[in-house]
file work-v5.txt (compact mmCIF, C-alpha atoms)
# COMPACT_ATOMS: atom_id res chain seq x y z
CA MET A 65 -36.20 156.79 -231.90
CA THR A 66 -36.76 159.02 -228.90
CA MET A 67 -38.61 157.83 -225.80
CA GLN A 68 -39.30 159.44 -222.41
CA LEU A 69 -41.07 158.33 -219.25
CA VAL A 70 -43.09 161.23 -217.87
CA PRO A 71 -45.03 161.35 -214.59
CA TYR A 72 -48.71 162.16 -215.20
CA PHE A 73 -50.80 163.47 -212.30
CA VAL A 74 -54.57 163.01 -212.53
CA MET A 75 -56.30 165.56 -210.32
CA ASN A 76 -59.79 165.69 -208.90
CA GLY A 77 -61.08 168.95 -210.41
CA ASN A 78 -58.19 171.05 -209.11
CA ALA A 79 -55.61 170.68 -211.89
CA LYS A 80 -55.45 174.45 -212.55
CA GLU A 81 -54.67 175.01 -208.87
CA ALA A 82 -52.04 172.22 -208.97
CA ILE A 83 -50.47 173.71 -212.12
CA ASP A 84 -50.10 177.06 -210.36
CA PHE A 85 -48.64 175.34 -207.30
CA TYR A 86 -46.06 173.34 -209.30
CA GLN A 87 -45.14 176.40 -211.38
CA LYS A 88 -44.24 178.26 -208.20
CA ALA A 89 -42.80 175.38 -206.18
CA LEU A 90 -40.68 173.90 -208.99
CA ASP A 91 -40.06 177.01 -211.10
CA ALA A 92 -41.93 175.19 -213.86
CA GLU A 93 -42.96 176.67 -217.19
CA LEU A 94 -46.46 175.95 -218.49
CA PHE A 95 -45.78 174.64 -221.97
CA ALA A 96 -49.33 173.63 -222.99
CA ILE A 97 -52.84 173.44 -221.53
CA GLN A 98 -56.18 172.26 -222.93
CA THR A 99 -59.58 171.99 -221.28
CA PHE A 100 -62.30 169.42 -221.83
CA GLY A 101 -64.23 172.25 -223.50
CA ASP A 102 -61.43 172.49 -226.11
CA MET A 103 -61.96 168.88 -227.16
CA PRO A 104 -64.12 168.04 -230.18
CA ALA A 105 -67.67 167.20 -229.09
CA ASN A 106 -68.57 163.51 -228.91
CA PRO A 107 -72.33 162.81 -228.98
CA ASP A 108 -71.74 159.41 -227.34
CA PHE A 109 -70.16 161.12 -224.32
CA PRO A 110 -71.82 164.52 -223.87
CA LEU A 111 -69.78 166.83 -221.68
CA PRO A 112 -71.56 168.59 -218.83
CA ASP A 113 -71.14 172.38 -218.88
CA SER A 114 -69.54 172.20 -215.44
CA ALA A 115 -66.66 170.11 -216.86
CA LYS A 116 -65.78 172.30 -219.84
CA GLY A 117 -63.31 174.42 -217.84
CA LEU A 118 -61.53 171.42 -216.34
CA VAL A 119 -58.05 170.55 -217.62
CA SER A 120 -57.94 167.69 -220.13
CA HIS A 121 -54.17 167.93 -220.55
CA ALA A 122 -51.34 170.19 -219.40
CA LEU A 123 -47.59 169.99 -219.86
CA LEU A 124 -45.13 171.65 -217.51
CA LYS A 125 -41.41 171.87 -218.21
CA ILE A 126 -39.22 171.64 -215.13
CA GLY A 127 -35.61 172.05 -216.12
CA GLU A 128 -34.95 169.22 -218.59
CA SER A 129 -37.93 167.21 -217.30
CA SER A 130 -41.65 167.24 -217.99
CA LEU A 131 -44.72 166.81 -215.83
CA MET A 132 -48.17 166.19 -217.30
CA LEU A 133 -51.44 166.85 -215.50
CA SER A 134 -55.16 166.61 -216.10
CA ASP A 135 -58.40 166.50 -214.21
CA THR A 136 -60.29 163.23 -214.06
CA PHE A 137 -62.46 162.82 -217.15
CA PRO A 138 -66.09 163.52 -216.24
CA GLY A 139 -67.80 160.30 -215.19
CA GLN A 140 -64.59 158.37 -214.49
CA SER A 141 -63.57 157.49 -210.99
CA ARG A 142 -60.37 158.62 -209.34
CA GLN A 143 -59.09 157.43 -206.05
CA SER A 144 -56.00 158.12 -204.07
CA GLY A 145 -53.31 155.82 -205.45
CA ASN A 146 -54.24 155.93 -209.13
CA GLN A 147 -53.76 159.65 -209.64
CA VAL A 148 -50.13 159.18 -210.71
CA THR A 149 -49.40 157.34 -213.94
CA VAL A 150 -46.37 156.94 -216.16
CA CYS A 151 -46.73 158.45 -219.61
CA ILE A 152 -44.41 156.91 -222.20
CA THR A 153 -43.85 159.56 -224.84
CA ILE A 154 -42.37 158.32 -228.09
CA ASN A 155 -41.87 159.71 -231.58
CA ASP A 156 -42.72 156.46 -233.39
CA SER A 157 -46.34 155.25 -233.68
CA GLU A 158 -45.35 151.68 -234.58
CA LYS A 159 -43.05 151.42 -231.55
CA ALA A 160 -45.85 152.90 -229.42
CA LYS A 161 -48.06 150.02 -230.60
CA GLN A 162 -45.39 147.43 -229.71
CA ILE A 163 -44.90 148.91 -226.25
CA PHE A 164 -48.67 149.11 -225.67
CA GLU A 165 -49.14 145.46 -226.61
CA ALA A 166 -46.17 144.32 -224.50
CA LEU A 167 -47.24 146.25 -221.37
CA GLY A 168 -50.87 145.20 -221.86
CA SER A 169 -50.03 141.49 -221.85
CA GLY A 170 -51.68 140.12 -218.73
CA GLY A 171 -52.98 143.57 -217.83
CA GLN A 172 -56.13 145.57 -218.49
CA VAL A 173 -56.57 148.08 -221.32
CA THR A 174 -58.45 151.15 -220.08
CA MET A 175 -58.36 152.97 -223.43
CA PRO A 176 -57.35 151.13 -226.61
CA LEU A 177 -54.40 152.56 -228.53
CA GLN A 178 -55.90 154.78 -231.21
CA ALA A 179 -55.50 158.00 -233.15
CA THR A 180 -56.92 160.97 -231.26
CA PHE A 181 -57.12 164.68 -231.95
CA PHE A 182 -53.88 165.15 -229.99
CA SER A 183 -51.84 162.07 -230.94
CA PRO A 184 -51.54 159.62 -233.83
CA ALA A 185 -51.44 156.79 -231.26
CA TYR A 186 -52.66 157.18 -227.67
CA GLY A 187 -53.95 154.66 -225.17
CA SER A 188 -53.81 153.70 -221.52
CA LEU A 189 -53.60 150.47 -219.60
CA VAL A 190 -52.91 148.95 -216.22
CA ASP A 191 -50.14 146.38 -216.46
CA LYS A 192 -50.19 143.02 -214.70
CA TYR A 193 -48.45 144.62 -211.69
CA GLY A 194 -51.10 147.30 -211.25
CA VAL A 195 -49.04 150.17 -212.73
CA THR A 196 -50.99 152.55 -214.97
CA PHE A 197 -49.29 153.59 -218.21
CA GLN A 198 -50.32 156.04 -220.88
CA ILE A 199 -48.70 155.59 -224.28
CA PHE A 200 -48.43 158.84 -226.25
CA ALA A 201 -46.99 159.02 -229.76
CA GLU A 202 -45.93 162.56 -230.56
CA PRO A 203 -47.80 164.31 -233.36
CA GLU A 204 -45.74 165.09 -236.47
CA GLU A 205 -45.51 168.80 -235.67
CA ARG A 206 -43.84 168.10 -232.27
CA LYS A 207 -41.23 165.61 -233.49
CA ASP A 208 -38.83 168.34 -234.55
CA GLN A 209 -38.97 170.18 -231.22
call {"tool": "encode", "arguments": {"input": "work-v5.txt", "output": "structure tokens"}}
result
Amino acid sequence: MTMQLVPYFVMNGNAKEAIDFYQKALDAELFAIQTFGDMPANPDFPLPDSAKGLVSHALLKIGESSLMLSDTFPGQSRQSGNQVTVCITINDSEKAKQIFEALGSGGQVTMPLQATFFSPAYGSLVDKYGVTFQIFAEPEERKDQ
């Protein structure tokens, strides 16, 4: 089993600018980027046209480390203090479920652990100490990388 703790910065509409800044300041390599417009449409949560160019997920490689970034999902609040989360990246969906349940005990689930278009098991929660975690099980095609 492989597991990493990765800082995840949630920006307020300026993630592309922040990506450029961190690329230059930290000699980071942009490994992946997706916008909200790249996501499959969800009729229950229609996406305003103004949000389609915002970053839904980006991954920077900085030496042997990673940094993930996104813009705040349209309609969700963001305030100074909750823009940095810890993303636990793991290559085992069952272990991701165990970790999610353990960290969620006494905390608040903000997105239930579920299969998404980018992960077989993804969810987020605030633990009982107020720390926000994202649990991300790697898709099959990334496990060998």
call {"tool": "closest_residue", "arguments": {"input": "work-v5.txt", "among": "A:Ala166, A:Phe85, A:Gly77, A:Thr66", "to": "Gly117 of chain A", "atoms": "only C-alpha atoms"}}
result
A:Gly77
call {"tool": "closest_residue", "arguments": {"input": "work-v5.txt", "among": "A:Cys151, A:Leu111, A:Met65, A:Ala92", "to": "Ile126 of chain A", "atoms": "all atoms listed in the file"}}
result
A:Ala92
call {"tool": "residues_around", "arguments": {"input": "work-v5.txt", "residues": "segment 186-203 of chain A", "least_positions_apart": "4", "cutoff": "8 Å", "atoms": "only C-alpha atoms", "output": "ChimeraX atom specification"}}
result
/A:146,148-157,160,163-164,167-180,182,207
call {"tool": "residues_near_point", "arguments": {"input": "work-v5.txt", "point": "(-48.0, 176.1, -210.7)", "cutoff": "12 Å", "atoms": "only C-alpha atoms", "output": "PyMOL selection string"}}
result
chain A and resi 78-95+122-126+131-133
call {"tool": "residues_around", "arguments": {"input": "work-v5.txt", "residues": "segment 98-101 of chain A", "least_positions_apart": "5", "cutoff": "6 Å", "atoms": "only C-alpha atoms", "output": "NGL selection string"}}
result
:A and (116-121)
call {"tool": "atom_distance", "arguments": {"input": "work-v5.txt", "atom1": "atom CA of Gln147 of chain A", "atom2": "atom CA of Ala96 of chain A"}}
result
19.8 Å
call {"tool": "atom_distance", "arguments": {"input": "work-v5.txt", "atom1": "atom CA of Lys161 of chain A", "atom2": "atom CA of Gly139 of chain A"}}
result
27.1 Å
call {"tool": "decode", "arguments": {"input": "work-v5.txt", "residues": "segment 78-190 of chain A", "atoms": "C-alpha atoms", "output": "mmCIF file, in the first residue's frame"}}
result
data_model
loop_
_atom_site.group_PDB
_atom_site.id
_atom_site.type_symbol
_atom_site.label_atom_id
_atom_site.label_comp_id
_atom_site.auth_asym_id
_atom_site.auth_seq_id
_atom_site.Cartn_x
_atom_site.Cartn_y
_atom_site.Cartn_z
ATOM 1 C CA ASN A 78 -7.352 32.752 -8.926
ATOM 2 C CA ALA A 79 -5.991 29.192 -9.053
ATOM 3 C CA LYS A 80 -4.487 29.657 -12.542
ATOM 4 C CA GLU A 81 -2.598 32.700 -11.283
ATOM 5 C CA ALA A 82 -1.468 30.756 -8.186
ATOM 6 C CA ILE A 83 -0.318 27.826 -10.351
ATOM 7 C CA ASP A 84 1.833 30.174 -12.419
ATOM 8 C CA PHE A 85 3.221 31.753 -9.239
ATOM 9 C CA TYR A 86 4.132 28.404 -7.629
ATOM 10 C CA GLN A 87 5.622 27.115 -10.894
ATOM 11 C CA LYS A 88 8.018 30.065 -10.930
ATOM 12 C CA ALA A 89 8.640 30.405 -7.196
ATOM 13 C CA LEU A 90 9.139 26.688 -6.499
ATOM 14 C CA ASP A 91 10.387 25.510 -9.900
ATOM 15 C CA ALA A 92 7.277 23.328 -9.997
ATOM 16 C CA GLU A 93 6.099 21.271 -12.947
ATOM 17 C CA LEU A 94 2.402 21.333 -13.835
ATOM 18 C CA PHE A 95 1.535 17.654 -13.968
ATOM 19 C CA ALA A 96 -2.248 17.895 -14.500
ATOM 20 C CA ILE A 97 -5.003 20.509 -14.694
ATOM 21 C CA GLN A 98 -8.782 20.286 -15.180
ATOM 22 C CA THR A 99 -11.417 23.002 -15.202
ATOM 23 C CA PHE A 100 -14.986 22.867 -13.953
ATOM 24 C CA GLY A 101 -15.967 23.004 -17.636
ATOM 25 C CA ASP A 102 -14.117 19.692 -18.163
ATOM 26 C CA MET A 103 -16.330 17.939 -15.615
ATOM 27 C CA PRO A 104 -19.358 15.933 -16.742
ATOM 28 C CA ALA A 105 -22.512 18.055 -16.546
ATOM 29 C CA ASN A 106 -24.752 17.493 -13.529
ATOM 30 C CA PRO A 107 -28.350 18.738 -13.989
ATOM 31 C CA ASP A 108 -28.775 18.934 -10.198
ATOM 32 C CA PHE A 109 -25.901 21.430 -9.989
ATOM 33 C CA PRO A 110 -25.846 23.475 -13.200
ATOM 34 C CA LEU A 111 -22.540 25.230 -13.722
ATOM 35 C CA PRO A 112 -22.622 28.936 -14.547
ATOM 36 C CA ASP A 113 -20.723 29.819 -17.734
ATOM 37 C CA SER A 114 -18.485 32.123 -15.706
ATOM 38 C CA ALA A 115 -17.202 29.128 -13.689
ATOM 39 C CA LYS A 116 -16.326 26.822 -16.587
ATOM 40 C CA GLY A 117 -12.777 28.192 -16.898
ATOM 41 C CA LEU A 118 -12.042 27.909 -13.185
ATOM 42 C CA VAL A 119 -9.702 25.149 -12.004
ATOM 43 C CA SER A 120 -11.432 22.093 -10.549
ATOM 44 C CA HIS A 121 -8.147 20.291 -9.888
ATOM 45 C CA ALA A 122 -4.456 20.814 -10.578
ATOM 46 C CA LEU A 123 -1.382 18.863 -9.564
ATOM 47 C CA LEU A 124 2.068 20.402 -9.336
ATOM 48 C CA LYS A 125 5.220 18.370 -8.789
ATOM 49 C CA ILE A 126 7.860 20.104 -6.698
ATOM 50 C CA GLY A 127 10.922 17.919 -6.471
ATOM 51 C CA GLU A 128 9.690 14.684 -4.872
ATOM 52 C CA SER A 129 6.607 16.417 -3.418
ATOM 53 C CA SER A 130 3.191 17.309 -4.759
ATOM 54 C CA LEU A 131 0.908 20.292 -4.328
ATOM 55 C CA MET A 132 -2.747 20.212 -5.365
ATOM 56 C CA LEU A 133 -4.867 23.282 -6.086
ATOM 57 C CA SER A 134 -8.373 24.173 -7.165
ATOM 58 C CA ASP A 135 -10.743 27.074 -7.174
ATOM 59 C CA THR A 136 -13.692 27.018 -4.799
ATOM 60 C CA PHE A 137 -16.572 25.074 -6.334
ATOM 61 C CA PRO A 138 -19.221 27.525 -7.569
ATOM 62 C CA GLY A 139 -21.745 28.185 -4.820
ATOM 63 C CA GLN A 140 -19.539 26.944 -1.966
ATOM 64 C CA SER A 141 -18.073 29.326 0.546
ATOM 65 C CA ARG A 142 -14.380 29.812 1.131
ATOM 66 C CA GLN A 143 -12.873 31.810 3.895
ATOM 67 C CA SER A 144 -9.363 32.492 4.974
ATOM 68 C CA GLY A 145 -8.316 29.549 7.129
ATOM 69 C CA ASN A 146 -10.067 26.757 5.243
ATOM 70 C CA GLN A 147 -8.265 27.206 1.946
ATOM 71 C CA VAL A 148 -5.568 24.691 2.909
ATOM 72 C CA THR A 149 -6.542 21.055 3.359
ATOM 73 C CA VAL A 150 -4.649 17.791 3.617
ATOM 74 C CA CYS A 151 -5.262 15.375 0.769
ATOM 75 C CA ILE A 152 -4.548 11.753 1.666
ATOM 76 C CA THR A 153 -3.681 10.003 -1.577
ATOM 77 C CA ILE A 154 -3.756 6.230 -1.444
ATOM 78 C CA ASN A 155 -3.681 3.395 -3.962
ATOM 79 C CA ASP A 156 -6.229 1.218 -2.140
ATOM 80 C CA SER A 157 -9.959 2.061 -2.211
ATOM 81 C CA GLU A 158 -10.785 -0.157 0.774
ATOM 82 C CA LYS A 159 -8.077 1.477 2.898
ATOM 83 C CA ALA A 160 -9.358 4.881 1.730
ATOM 84 C CA LYS A 161 -12.777 3.904 3.122
ATOM 85 C CA GLN A 162 -11.265 2.856 6.475
ATOM 86 C CA ILE A 163 -9.308 6.104 6.771
ATOM 87 C CA PHE A 164 -12.364 8.171 5.796
ATOM 88 C CA GLU A 165 -14.513 6.478 8.441
ATOM 89 C CA ALA A 166 -11.824 6.798 11.120
ATOM 90 C CA LEU A 167 -11.145 10.498 10.463
ATOM 91 C CA GLY A 168 -14.876 11.225 10.164
ATOM 92 C CA SER A 169 -15.648 9.814 13.613
ATOM 93 C CA GLY A 170 -16.817 12.789 15.641
ATOM 94 C CA GLY A 171 -16.312 15.100 12.669
ATOM 95 C CA GLN A 172 -18.423 16.361 9.790
ATOM 96 C CA VAL A 173 -18.538 14.814 6.319
ATOM 97 C CA THR A 174 -18.597 17.536 3.656
ATOM 98 C CA MET A 175 -18.672 15.115 0.708
ATOM 99 C CA PRO A 176 -19.381 11.411 1.250
ATOM 100 C CA LEU A 177 -16.730 8.979 0.038
ATOM 101 C CA GLN A 178 -17.852 7.891 -3.425
ATOM 102 C CA ALA A 179 -16.706 6.979 -6.907
ATOM 103 C CA THR A 180 -16.231 10.056 -9.089
ATOM 104 C CA PHE A 181 -15.087 10.616 -12.640
ATOM 105 C CA PHE A 182 -11.536 11.167 -11.336
ATOM 106 C CA SER A 183 -11.261 8.627 -8.503
ATOM 107 C CA PRO A 184 -12.764 5.276 -7.498
ATOM 108 C CA ALA A 185 -13.146 6.652 -3.944
ATOM 109 C CA TYR A 186 -13.102 10.375 -3.131
ATOM 110 C CA GLY A 187 -14.593 12.325 -0.259
ATOM 111 C CA SER A 188 -13.891 15.171 2.127
ATOM 112 C CA LEU A 189 -14.510 15.815 5.787
ATOM 113 C CA VAL A 190 -13.624 18.033 8.705
#
